[in-house]
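Asks: Structure: entry_27.tsv, TSV, C-alpha atoms.
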```tsv
chain	number	residue	atom	x	y	z
A	1	MET	CA	0.00	0.00	0.00
A	2	ILE	CA	1.38	3.38	-0.98
A	3	ASP	CA	2.00	5.75	1.92
A	4	PHE	CA	-0.24	8.52	0.57
A	5	SER	CA	0.27	10.86	3.49
A	6	ARG	CA	3.97	10.80	2.71
A	7	VAL	CA	3.30	11.46	-0.98
A	8	GLN	CA	1.13	14.45	-0.02
A	9	LYS	CA	3.91	15.79	2.17
A	10	GLU	CA	6.40	15.37	-0.63
A	11	LEU	CA	4.20	17.24	-3.10
A	12	GLN	CA	3.79	20.11	-0.65
A	13	GLU	CA	7.51	20.30	-0.04
A	14	CYS	CA	8.22	20.23	-3.75
A	15	SER	CA	5.88	23.10	-4.52
A	16	ARG	CA	7.32	25.08	-1.59
A	17	ASP	CA	10.83	25.20	-2.96
A	18	MET	CA	10.09	24.93	-6.64
A	19	GLU	CA	11.55	28.39	-7.19
A	20	SER	CA	14.98	27.41	-5.92
A	21	SER	CA	15.22	23.83	-7.19
A	22	GLY	CA	13.39	24.30	-10.50
A	23	ILE	CA	11.98	20.82	-9.97
A	24	LYS	CA	8.26	20.36	-10.27
A	25	VAL	CA	6.08	17.39	-9.38
A	26	THR	CA	2.36	17.39	-10.09
A	27	PRO	CA	-0.24	14.64	-9.83
A	28	VAL	CA	-1.63	13.41	-13.15
A	29	SER	CA	-4.58	11.62	-11.64
A	30	ASP	CA	-6.48	12.00	-8.38
A	31	ASN	CA	-5.20	8.73	-7.01
A	32	LEU	CA	-1.61	10.02	-6.63
A	33	VAL	CA	-0.20	6.95	-8.35
A	34	ASN	CA	0.66	8.68	-11.59
A	35	LEU	CA	2.65	11.86	-11.29
A	36	SER	CA	4.50	14.07	-13.66
A	37	GLY	CA	7.83	15.72	-12.94
A	38	THR	CA	9.87	18.30	-14.78
A	39	ILE	CA	13.55	19.12	-14.45
A	40	PRO	CA	15.45	21.97	-16.06
A	41	GLY	CA	18.47	20.91	-18.12
A	42	PRO	CA	21.63	21.62	-16.11
A	43	ILE	CA	23.53	24.79	-17.01
A	44	GLY	CA	26.75	24.23	-18.93
A	45	THR	CA	25.52	21.00	-20.53
A	46	PRO	CA	23.98	20.33	-23.95
A	47	TYR	CA	20.66	20.11	-22.08
A	48	GLU	CA	20.79	23.72	-20.87
A	49	GLY	CA	17.64	25.69	-21.55
A	50	GLY	CA	15.47	22.62	-21.97
A	51	ILE	CA	12.65	21.52	-19.70
A	52	PHE	CA	12.47	17.77	-19.44
A	53	LYS	CA	9.28	16.01	-18.55
A	54	ILE	CA	9.45	12.78	-16.56
A	55	ASP	CA	6.61	10.35	-16.05
A	56	ILE	CA	6.42	8.98	-12.50
A	57	THR	CA	4.48	5.92	-11.37
A	58	LEU	CA	4.45	4.96	-7.71
A	59	PRO	CA	4.57	1.21	-7.02
A	60	ASP	CA	2.40	-0.31	-4.32
A	61	GLY	CA	5.32	-0.53	-1.96
A	62	TYR	CA	6.36	3.14	-2.15
A	63	PRO	CA	8.41	4.45	-0.32
A	64	PHE	CA	9.90	1.00	0.35
A	65	GLU	CA	10.22	0.45	-3.39
A	66	PRO	CA	11.64	3.02	-5.82
A	67	PRO	CA	9.30	5.16	-7.93
A	68	LYS	CA	9.23	4.19	-11.60
A	69	MET	CA	10.47	7.05	-13.76
A	70	HIS	CA	11.06	7.56	-17.45
A	71	PHE	CA	11.63	10.56	-19.68
A	72	VAL	CA	8.64	11.70	-21.71
A	73	THR	CA	10.71	14.39	-23.41
A	74	LYS	CA	13.16	12.80	-25.81
A	75	VAL	CA	16.75	13.01	-24.55
A	76	TRP	CA	20.06	12.14	-26.20
A	77	HIS	CA	22.06	10.77	-23.29
A	78	PRO	CA	24.09	7.55	-22.74
A	79	ASN	CA	22.04	6.53	-19.70
A	80	VAL	CA	18.62	7.28	-21.16
A	81	SER	CA	17.00	5.23	-23.92
A	82	SER	CA	16.58	7.45	-26.97
A	83	GLN	CA	13.59	5.27	-27.89
A	84	SER	CA	11.66	4.68	-24.69
A	85	GLY	CA	13.04	7.26	-22.26
A	86	ALA	CA	14.02	4.52	-19.79
A	87	ILE	CA	16.57	5.74	-17.26
A	88	CYS	CA	19.57	3.74	-16.06
A	89	LEU	CA	20.20	5.05	-12.56
A	90	ASP	CA	21.09	2.89	-9.56
A	91	ILE	CA	18.99	4.79	-7.01
A	92	LEU	CA	15.91	4.06	-9.11
A	93	LYS	CA	16.75	0.38	-8.88
A	94	ASP	CA	18.72	-1.57	-6.29
A	95	GLN	CA	20.22	1.47	-4.55
A	96	TRP	CA	16.90	3.03	-3.64
A	97	SER	CA	16.44	4.13	-0.03
A	98	PRO	CA	13.17	5.22	1.63
A	99	ALA	CA	14.98	8.32	2.86
A	100	LEU	CA	15.07	9.48	-0.77
A	101	THR	CA	12.07	11.41	-2.09
A	102	LEU	CA	10.61	12.19	-5.50
A	103	LYS	CA	12.43	15.50	-5.37
A	104	THR	CA	15.82	14.02	-4.49
A	105	ALA	CA	15.33	11.27	-7.08
A	106	LEU	CA	14.58	13.91	-9.74
A	107	LEU	CA	17.64	15.88	-8.58
A	108	SER	CA	19.67	12.71	-9.13
A	109	VAL	CA	18.25	12.36	-12.63
A	110	GLN	CA	19.22	16.00	-13.25
A	111	ALA	CA	22.73	15.24	-11.95
A	112	LEU	CA	22.87	12.28	-14.32
A	113	LEU	CA	22.29	14.68	-17.21
A	114	SER	CA	25.40	16.60	-16.05
A	115	ALA	CA	27.51	13.51	-15.52
A	116	PRO	CA	26.80	10.69	-18.00
A	117	GLU	CA	28.16	7.24	-17.23
A	118	PRO	CA	28.84	5.73	-20.65
A	119	ASP	CA	30.34	2.58	-19.12
A	120	ASP	CA	26.94	1.63	-17.72
A	121	PRO	CA	24.78	2.61	-20.68
A	122	GLN	CA	21.07	2.43	-21.24
A	123	ASP	CA	21.43	3.35	-24.90
A	124	ALA	CA	24.44	1.64	-26.45
A	125	VAL	CA	24.39	3.75	-29.60
A	126	VAL	CA	24.47	7.03	-27.67
A	127	ALA	CA	27.13	5.70	-25.31
A	128	GLN	CA	29.33	4.69	-28.22
A	129	GLN	CA	28.98	8.12	-29.77
A	130	TYR	CA	29.77	9.77	-26.43
A	131	LEU	CA	32.98	7.76	-26.12
A	132	ARG	CA	34.18	7.94	-29.69
A	133	GLU	CA	32.87	11.17	-31.19
A	134	TYR	CA	32.27	13.44	-28.27
A	135	GLN	CA	31.71	16.58	-30.36
A	136	THR	CA	29.08	14.83	-32.48
A	137	PHE	CA	27.43	13.66	-29.27
A	138	VAL	CA	27.30	17.21	-27.88
A	139	GLY	CA	25.84	18.45	-31.17
A	140	THR	CA	23.13	15.77	-31.25
A	141	ALA	CA	22.25	16.23	-27.58
A	142	ARG	CA	21.95	19.99	-28.08
A	143	TYR	CA	19.84	19.54	-31.20
A	144	TRP	CA	17.49	17.18	-29.35
A	145	THR	CA	17.21	19.69	-26.52
A	146	GLU	CA	16.35	22.46	-28.98
A	147	THR	CA	13.88	20.29	-30.84
A	148	PHE	CA	12.14	18.36	-28.08
A	149	ALA	CA	12.73	20.14	-24.77
A	150	LYS	CA	12.01	23.73	-25.72
A	151	THR	CA	8.75	23.58	-27.65
A	152	SER	CA	6.58	24.25	-24.64
A	153	SER	CA	7.31	27.95	-25.09
A	154	LEU	CA	5.26	27.93	-28.29
A	155	GLY	CA	1.67	29.08	-27.98
A	156	VAL	CA	-1.13	26.63	-28.62
A	157	GLU	CA	-2.04	28.26	-31.93
A	158	GLU	CA	1.52	27.99	-33.16
A	159	LYS	CA	1.58	24.31	-32.24
A	160	VAL	CA	-1.72	23.74	-34.04
A	161	GLN	CA	-0.43	25.53	-37.10
A	162	LYS	CA	2.80	23.57	-37.10
A	163	LEU	CA	1.01	20.24	-36.94
A	164	VAL	CA	-1.59	21.24	-39.51
A	165	GLU	CA	1.25	22.18	-41.85
A	166	MET	CA	2.51	18.62	-41.48
A	167	GLY	CA	-0.74	17.51	-43.08
A	168	PHE	CA	-2.97	16.55	-40.16
A	169	PRO	CA	-6.60	17.75	-40.03
A	170	GLU	CA	-7.04	20.71	-37.66
A	171	ALA	CA	-9.81	19.21	-35.52
A	172	LEU	CA	-7.76	16.09	-34.93
A	173	VAL	CA	-4.68	18.19	-34.13
A	174	ARG	CA	-6.57	20.17	-31.51
A	175	SER	CA	-8.09	17.12	-29.84
A	176	SER	CA	-4.72	15.33	-29.82
A	177	LEU	CA	-2.95	18.35	-28.32
A	178	GLU	CA	-5.61	18.57	-25.67
A	179	ALA	CA	-5.41	14.86	-24.88
A	180	VAL	CA	-1.68	15.02	-24.17
A	181	GLY	CA	-1.78	18.24	-22.21
A	182	GLY	CA	-0.48	20.54	-24.94
A	183	ASP	CA	2.81	18.74	-25.55
A	184	GLU	CA	3.50	19.13	-29.25
A	185	ASN	CA	5.76	16.08	-29.55
A	186	LEU	CA	3.37	13.78	-27.76
A	187	ALA	CA	0.56	15.08	-29.94
A	188	LEU	CA	2.63	14.31	-33.02
A	189	GLU	CA	3.32	10.81	-31.77
A	190	LYS	CA	-0.37	10.31	-31.12
A	191	LEU	CA	-1.27	11.59	-34.58
A	192	CYS	CA	1.30	9.37	-36.24
A	193	SER	CA	0.20	6.27	-34.38
A	194	GLY	CA	-3.33	6.98	-35.54
C	195	MET	CA	22.59	-10.48	-58.31
C	196	ALA	CA	20.04	-12.32	-56.30
C	197	SER	CA	22.50	-12.99	-53.54
C	198	GLU	CA	23.58	-9.38	-53.51
C	199	ALA	CA	20.00	-8.26	-53.06
C	200	GLN	CA	19.63	-10.81	-50.33
C	201	SER	CA	22.67	-9.61	-48.46
C	202	THR	CA	21.46	-6.02	-48.67
C	203	GLU	CA	18.20	-7.19	-47.26
C	204	ILE	CA	19.93	-8.92	-44.41
C	205	SER	CA	22.11	-5.95	-43.64
C	206	SER	CA	19.14	-3.60	-43.64
C	207	LEU	CA	17.37	-6.01	-41.34
C	208	PHE	CA	20.39	-5.94	-39.06
C	209	GLU	CA	20.43	-2.16	-39.16
C	210	ARG	CA	16.80	-2.13	-38.20
C	211	PHE	CA	17.53	-4.33	-35.22
C	212	LEU	CA	20.30	-1.98	-34.21
C	213	ARG	CA	18.10	1.04	-34.57
C	214	HIS	CA	15.29	-0.53	-32.60
C	215	ARG	CA	17.73	-1.83	-30.02
C	216	ASP	CA	16.18	-5.21	-30.36
C	217	MET	CA	19.14	-6.78	-28.66
C	218	SER	CA	17.27	-9.52	-26.98
C	219	LEU	CA	17.34	-11.52	-30.20
C	220	PHE	CA	21.10	-11.44	-30.29
C	221	LEU	CA	22.00	-11.59	-26.66
C	222	PRO	CA	21.69	-15.33	-26.18
C	223	PHE	CA	24.28	-15.91	-28.87
C	224	PHE	CA	26.81	-13.56	-27.45
C	225	LEU	CA	26.26	-14.66	-23.91
C	226	GLY	CA	27.19	-18.09	-25.11
C	227	PHE	CA	30.89	-17.18	-25.23
C	228	THR	CA	32.02	-19.04	-22.18
C	229	GLU	CA	35.12	-20.47	-20.64
C	230	ASN	CA	35.73	-23.09	-23.32
C	231	MET	CA	35.42	-20.57	-26.09
C	232	SER	CA	37.88	-18.28	-24.41
C	233	VAL	CA	40.45	-21.04	-24.23
C	234	ARG	CA	40.21	-21.52	-27.95
C	235	GLU	CA	40.39	-17.83	-28.60
C	236	ASN	CA	43.51	-17.37	-26.52
C	237	PRO	CA	46.19	-19.72	-27.71
C	238	GLU	CA	49.46	-19.71	-25.75
C	239	ASN	CA	51.19	-16.55	-26.69
C	240	PRO	CA	54.20	-15.39	-24.74
C	241	GLN	CA	53.70	-11.78	-25.85
C	242	ASP	CA	50.19	-11.62	-24.58
C	243	PRO	CA	50.35	-9.64	-21.35
C	244	ASP	CA	47.38	-11.58	-20.07
C	245	GLN	CA	49.51	-14.68	-20.00
C	246	GLU	CA	52.10	-13.20	-17.66
C	247	THR	CA	50.46	-14.76	-14.68
C	248	PRO	CA	49.40	-18.19	-15.77
C	249	THR	CA	45.87	-18.78	-14.62
C	250	ASN	CA	43.80	-21.86	-14.80
C	251	SER	CA	41.89	-21.58	-18.05
C	252	SER	CA	38.68	-22.69	-16.39
C	253	ASP	CA	38.91	-19.59	-14.22
C	254	ARG	CA	38.52	-17.19	-17.08
C	255	ILE	CA	35.27	-16.08	-18.59
C	256	ILE	CA	35.01	-13.75	-21.55
C	257	LEU	CA	31.88	-11.80	-22.23
C	258	ILE	CA	31.43	-9.87	-25.42
C	259	ASN	CA	29.03	-7.05	-26.03
C	260	PRO	CA	28.75	-6.50	-29.78
C	261	PHE	CA	26.94	-3.21	-29.41
C	262	THR	CA	29.45	-1.27	-27.36
C	263	GLN	CA	32.17	-3.43	-28.89
C	264	GLY	CA	33.37	-4.09	-25.42
C	265	MET	CA	34.66	-7.24	-23.87
C	266	VAL	CA	34.67	-8.19	-20.24
C	267	VAL	CA	37.26	-10.66	-19.06
C	268	ILE	CA	36.75	-12.13	-15.63
C	269	GLU	CA	39.80	-13.96	-14.47
C	270	GLY	CA	41.79	-15.17	-11.52
C	271	THR	CA	40.48	-16.84	-8.44
C	272	ALA	CA	36.91	-15.65	-8.84
C	273	ASN	CA	35.10	-18.92	-9.24
C	274	LEU	CA	31.58	-18.96	-10.53
C	275	ASP	CA	30.17	-19.39	-7.05
C	276	SER	CA	31.65	-16.25	-5.58
C	277	LEU	CA	30.83	-14.39	-8.76
C	278	LEU	CA	27.22	-15.45	-8.43
C	279	ARG	CA	27.18	-14.32	-4.85
C	280	ASN	CA	28.56	-10.90	-5.74
C	281	VAL	CA	26.26	-10.34	-8.65
C	282	LEU	CA	23.20	-11.54	-6.77
C	283	ALA	CA	23.99	-9.18	-3.95
C	284	THR	CA	24.20	-6.20	-6.26
C	285	LYS	CA	21.26	-7.19	-8.41
C	286	ASP	CA	18.74	-7.09	-5.62
C	287	GLY	CA	20.50	-4.54	-3.47
C	288	GLN	CA	21.49	-5.31	0.10
C	289	PRO	CA	19.75	-8.51	1.33
C	290	PRO	CA	17.42	-8.28	4.35
C	291	ALA	CA	19.00	-7.83	7.75
C	292	SER	CA	19.21	-10.91	9.95
C	293	LYS	CA	16.42	-11.28	12.49
C	294	ALA	CA	18.91	-11.33	15.35
C	295	SER	CA	20.43	-8.01	14.32
C	296	VAL	CA	17.02	-6.36	14.02
C	297	GLU	CA	15.99	-7.67	17.42
C	298	ALA	CA	19.24	-6.45	18.92
C	299	MET	CA	18.56	-2.81	18.00
C	300	PRO	CA	17.62	-0.75	21.07
C	301	SER	CA	14.06	0.55	20.96
C	302	PHE	CA	12.76	3.44	23.04
C	303	LYS	CA	9.77	5.66	23.60
C	304	ILE	CA	10.00	9.04	21.94
C	305	ASP	CA	10.21	12.04	24.22
C	306	VAL	CA	9.98	15.13	22.05
C	307	GLU	CA	11.67	17.26	24.70
C	308	MET	CA	14.75	15.07	24.41
C	309	GLY	CA	14.94	15.77	20.70
C	310	GLY	CA	12.18	15.76	18.07
C	311	GLY	CA	12.60	15.82	14.34
C	312	GLU	CA	11.00	13.58	11.77
C	313	CYS	CA	11.29	9.98	10.73
C	314	ALA	CA	13.21	9.88	7.43
C	315	ILE	CA	11.09	7.00	6.18
C	316	CYS	CA	7.50	8.21	6.66
C	317	LEU	CA	8.47	11.92	6.91
C	318	GLU	CA	6.15	12.33	9.92
C	319	GLU	CA	7.19	14.41	12.93
C	320	TYR	CA	7.93	12.30	15.98
C	321	GLU	CA	5.28	12.47	18.65
C	322	ASP	CA	5.49	11.74	22.34
C	323	GLY	CA	4.97	8.12	23.23
C	324	GLU	CA	5.70	6.67	19.77
C	325	MET	CA	8.20	3.82	19.61
C	326	ALA	CA	11.46	4.30	17.77
C	327	LYS	CA	14.58	2.24	17.14
C	328	GLU	CA	18.21	3.18	16.86
C	329	MET	CA	20.46	1.47	14.34
C	330	PRO	CA	24.13	0.67	15.06
C	331	CYS	CA	25.02	3.76	12.98
C	332	ASN	CA	22.98	5.88	15.46
C	333	HIS	CA	20.26	6.77	12.96
C	334	ARG	CA	16.76	6.62	14.43
C	335	PHE	CA	13.42	5.79	12.84
C	336	HIS	CA	9.93	4.75	13.89
C	337	ASP	CA	10.18	1.08	14.85
C	338	LYS	CA	7.48	0.03	12.37
C	339	CYS	CA	9.12	1.97	9.54
C	340	ILE	CA	12.64	0.62	10.04
C	341	ASP	CA	11.50	-2.96	10.72
C	342	LYS	CA	9.66	-3.01	7.43
C	343	TRP	CA	12.64	-1.61	5.51
C	344	LEU	CA	15.21	-3.93	7.11
C	345	GLY	CA	13.01	-6.87	6.16
C	346	ILE	CA	13.49	-5.85	2.53
C	347	HIS	CA	17.02	-4.42	2.50
C	348	GLY	CA	19.39	-4.53	5.44
C	349	SER	CA	20.92	-1.09	5.07
C	350	CYS	CA	20.43	2.23	6.82
C	351	PRO	CA	18.11	4.44	4.73
C	352	VAL	CA	20.23	7.48	5.56
C	353	CYS	CA	23.88	6.33	5.50
C	354	ARG	CA	23.63	2.84	3.93
C	355	TYR	CA	25.28	1.22	6.96
C	356	LYS	CA	25.07	-2.51	6.25
C	357	MET	CA	23.31	-4.70	8.80
C	358	PRO	CA	24.42	-8.33	9.30
C	359	VAL	CA	22.82	-10.71	6.81
C	360	ASP	CA	21.48	-14.19	7.47
C	361	GLU	CA	24.18	-16.16	5.61
C	362	GLU	CA	22.25	-19.42	5.48
C	363	GLU	CA	19.24	-17.85	3.83
C	364	THR	CA	21.34	-16.15	1.18
C	365	ASP	CA	23.18	-19.37	0.38
C	366	ASN	CA	19.95	-21.29	-0.10
C	367	LYS	CA	18.63	-18.60	-2.33
C	368	ILE	CA	21.74	-18.74	-4.47
C	369	ARG	CA	21.60	-22.51	-4.76
C	370	ASP	CA	17.93	-22.51	-5.68
C	371	HIS	CA	18.22	-19.94	-8.39
C	372	GLU	CA	21.73	-20.60	-9.59
C	373	HIS	CA	20.73	-22.53	-12.66
C	374	GLU	CA	17.97	-20.27	-13.91
C	375	GLN	CA	19.83	-17.09	-13.26
C	376	ARG	CA	23.09	-17.98	-14.89
C	377	ARG	CA	22.25	-16.41	-18.22
C	378	GLU	CA	20.78	-13.34	-16.60
C	379	ILE	CA	23.85	-12.89	-14.48
C	380	TRP	CA	26.11	-12.82	-17.50
C	381	ALA	CA	23.98	-10.15	-19.02
C	382	LEU	CA	24.35	-8.19	-15.83
C	383	CYS	CA	28.10	-8.57	-15.93
C	384	LEU	CA	28.12	-6.73	-19.21
C	385	GLN	CA	26.41	-3.79	-17.67
C	386	ARG	CA	27.93	-3.68	-14.22
C	387	HIS	CA	31.58	-4.13	-13.78
C	388	THR	CA	31.88	-3.11	-10.21
C	389	ASN	CA	32.28	-6.32	-8.29
C	390	ALA	CA	34.86	-9.08	-8.71
C	391	ARG	CA	38.13	-8.47	-10.45
C	392	ILE	CA	37.08	-7.60	-13.91
C	393	VAL	CA	39.21	-6.25	-16.70
C	394	LEU	CA	37.53	-4.24	-19.39
C	395	HIS	CA	39.08	-4.22	-22.82
C	396	SER	CA	37.84	-2.33	-25.77
C	397	ILE	CA	38.11	-4.35	-28.95
C	398	SER	CA	37.58	-2.16	-31.94
C	399	ASN	CA	36.68	-3.51	-35.33
C	400	THR	CA	36.17	-7.03	-34.18
C	401	PHE	CA	32.55	-7.07	-35.11
```
Now, as a test, write the supplied structure out as structure tokens.
Replies:
Amino acid sequence: MIDFSRVQKELQECSRDMESSGIKVTPVSDNLVNLSGTIPGPIGTPYEGGIFKIDITLPDGYPFEPPKMHFVTKVWHPNVSSQSGAICLDILKDQWSPALTLKTALLSVQALLSAPEPDDPQDAVVAQQYLREYQTFVGTARYWTETFAKTSSLGVEEKVQKLVEMGFPEALVRSSLEAVGGDENLALEKLCSG
Amino acid sequence: MASEAQSTEISSLFERFLRHRDMSLFLPFFLGFTENMSVRENPENPQDPDQETPTNSSDRIILINPFTQGMVVIEGTANLDSLLRNVLATKDGQPPASKASVEAMPSFKIDVEMGGGECAICLEEYEDGEMAKEMPCNHRFHDKCIDKWLGIHGSCPVCRYKMPVDEEETDNKIRDHEHEQRREIWALCLQRHTNARIVLHSISNTF
């Protein structure tokens, strides 16, 4: 059974110091099992300026079991799957401790963006690029940040227009955007998958 | 011509697998490189630095990851048993604390005047009259909270101090699952090279 009173406390604490940490956690559903987190890309990295959305699911045993997290925003990083957004981070697996919180876990994910560990990769292709062609890696990571992690600044109408220009019918574009909470990339994925 | 088209087809299929990271199809093959294979791959060669300290060939395991083009060589005295133990321990995190060690922890009634604060597990403020326990590392938690955690992982939530483990239980667990988990363990070795004495070589252009 999830310790909901603890989850409530965590959410309050998160919103209290959101200004300083830049880390946001909001419930997606009323049951507090599905949450959504965002972390700003660390300064001085190819992820700088981007806002990265992370999907959080609390297992039954939380906080005795780690929260399940994966990137919703596409990220080019050796320890994050470029396909699924899966994160390779020990504290989200066997090194979890109940003294960690959603906020500290998200801070760790943010730290992972600053300090990739290519020897323990989640995405072998990205890791290989990081090790062999570092400049290409930086370029790709920056491009992905620009393309996928910065679009939220666009207004809804601009997003609609952009997607309509791609050839999707306007009504469908609007309903898809609404269904995914205004995220342009998710809407595109939804439109493409029919 | 036909064969050329066929080979293009195969290579594009392979590329697709790479792109989709559908490694699971290939993994069993590559995990199959075991001790015997390594013996054949490493004929006696006096110039090979690996041969400087002659080791029993059955004590060497080579694991190859075609995607990072990396190779993990596990050699020396690490027999499969101790390797299994190490990997199992890291795979599931710290095993549960032994019952005796949990029972031996001093428990006490909380007196807020003597020092309040909150329990790091449930994040609730301590209240007068609640029961708490102190770990050997001096970290304190509600008794219910810490008992539950130590039954899952025997480490301090705050400082990761390791509690004693019930050796017998761990051994049985290893014996029971040894056979099924062998393949899985090798896969893990490719990803985690922290335990055991493992040498990591990069072998470019082999695949």
Asks: Give me, please, the distance in Å between atom CA of Leu100 of chain A and atom CA of Ala86 of chain A, quoted to one decimal.
Replies: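 Straight-line distance from atom CA of Leu100 of chain A to atom CA of Ala86 of chain A works out to 19.7 Å.
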Asks: Got a sec to pull out which chain A residues are within 10 Å of chain C, counting all atoms listed in the file, and send them as an mmCIF file with C-alpha atoms, in the frame of the given file?
Replies:
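Below is the file that was written, result-v2.cif:
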```
data_model
loop_
_atom_site.group_PDB
_atom_site.id
_atom_site.type_symbol
_atom_site.label_atom_id
_atom_site.label_comp_id
_atom_site.auth_asym_id
_atom_site.auth_seq_id
_atom_site.Cartn_x
_atom_site.Cartn_y
_atom_site.Cartn_z
ATOM 1 C CA ASP A 3 2.000 5.750 1.920
ATOM 2 C CA PHE A 4 -0.240 8.520 0.570
ATOM 3 C CA SER A 5 0.270 10.860 3.490
ATOM 4 C CA ARG A 6 3.970 10.800 2.710
ATOM 5 C CA VAL A 7 3.300 11.460 -0.980
ATOM 6 C CA LYS A 9 3.910 15.790 2.170
ATOM 7 C CA GLU A 10 6.400 15.370 -0.630
ATOM 8 C CA PRO A 63 8.410 4.450 -0.320
ATOM 9 C CA PHE A 64 9.900 1.000 0.350
ATOM 10 C CA GLU A 65 10.220 0.450 -3.390
ATOM 11 C CA SER A 81 17.000 5.230 -23.920
ATOM 12 C CA SER A 82 16.580 7.450 -26.970
ATOM 13 C CA GLN A 83 13.590 5.270 -27.890
ATOM 14 C CA ASP A 90 21.090 2.890 -9.560
ATOM 15 C CA LYS A 93 16.750 0.380 -8.880
ATOM 16 C CA ASP A 94 18.720 -1.570 -6.290
ATOM 17 C CA GLN A 95 20.220 1.470 -4.550
ATOM 18 C CA TRP A 96 16.900 3.030 -3.640
ATOM 19 C CA SER A 97 16.440 4.130 -0.030
ATOM 20 C CA PRO A 98 13.170 5.220 1.630
ATOM 21 C CA ALA A 99 14.980 8.320 2.860
ATOM 22 C CA LEU A 100 15.070 9.480 -0.770
ATOM 23 C CA THR A 101 12.070 11.410 -2.090
ATOM 24 C CA PRO A 118 28.840 5.730 -20.650
ATOM 25 C CA ASP A 119 30.340 2.580 -19.120
ATOM 26 C CA ASP A 120 26.940 1.630 -17.720
ATOM 27 C CA PRO A 121 24.780 2.610 -20.680
ATOM 28 C CA GLN A 122 21.070 2.430 -21.240
ATOM 29 C CA ASP A 123 21.430 3.350 -24.900
ATOM 30 C CA ALA A 124 24.440 1.640 -26.450
ATOM 31 C CA VAL A 125 24.390 3.750 -29.600
ATOM 32 C CA VAL A 126 24.470 7.030 -27.670
ATOM 33 C CA ALA A 127 27.130 5.700 -25.310
ATOM 34 C CA GLN A 128 29.330 4.690 -28.220
ATOM 35 C CA GLN A 129 28.980 8.120 -29.770
ATOM 36 C CA LEU A 131 32.980 7.760 -26.120
#
```
Asks: Which residue is closest to Arg174 of chain A? Choose from A:Val28, A:Leu186, A:Val160, A:Met69 and count all atoms listed in the file.
Replies: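 Closest residue, counting all atoms listed in the file: A:Val160.
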Asks: Please measure the separation of atom CA of Ile304 of chain C and atom CA of Ala291 of chain C, giving the value in Å to one decimal.
Replies: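 Answer for the atom CA of Ile304 of chain C to atom CA of Ala291 of chain C separation: 23.8 Å.
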Asks: Return as CSV the residues of segment 86-176 of chain A lying at most 12 Å from segment 31-45 of chain A, together with the closest atom-to-atom pair for each and the distance in Å to one decimal, counting only C-alpha atoms, with rows in chain order and ascending residue number.
Replies:
```
residue,atom,partner,partner_atom,distance
A:Leu102,CA,A:Gly37,CA,8.7
A:Lys103,CA,A:Gly37,CA,8.9
A:Thr104,CA,A:Ile39,CA,11.4
A:Ala105,CA,A:Gly37,CA,10.5
A:Leu106,CA,A:Ile39,CA,7.1
A:Leu107,CA,A:Ile39,CA,7.9
A:Ser108,CA,A:Ile39,CA,10.3
A:Val109,CA,A:Ile39,CA,8.4
A:Gln110,CA,A:Ile39,CA,6.6
A:Ala111,CA,A:Pro42,CA,7.7
A:Leu112,CA,A:Pro42,CA,9.6
A:Leu113,CA,A:Pro42,CA,7.1
A:Ser114,CA,A:Pro42,CA,6.3
A:Ala115,CA,A:Thr45,CA,9.2
A:Pro116,CA,A:Thr45,CA,10.7
A:Phe137,CA,A:Thr45,CA,11.6
A:Val138,CA,A:Thr45,CA,8.5
A:Gly139,CA,A:Thr45,CA,10.9
A:Ala141,CA,A:Thr45,CA,9.1
A:Arg142,CA,A:Thr45,CA,8.4
A:Trp144,CA,A:Gly41,CA,11.9
A:Thr145,CA,A:Gly41,CA,8.6
A:Glu146,CA,A:Gly41,CA,11.2
A:Ala149,CA,A:Gly41,CA,8.8
A:Lys150,CA,A:Gly41,CA,10.4
A:Ser152,CA,A:Thr38,CA,12.0
```
Asks: Quick check, in Å to one decimal: how far apart do atom CA of Glu321 of chain C and atom CA of Glu297 of chain C lie?
Replies: 22.8 Å
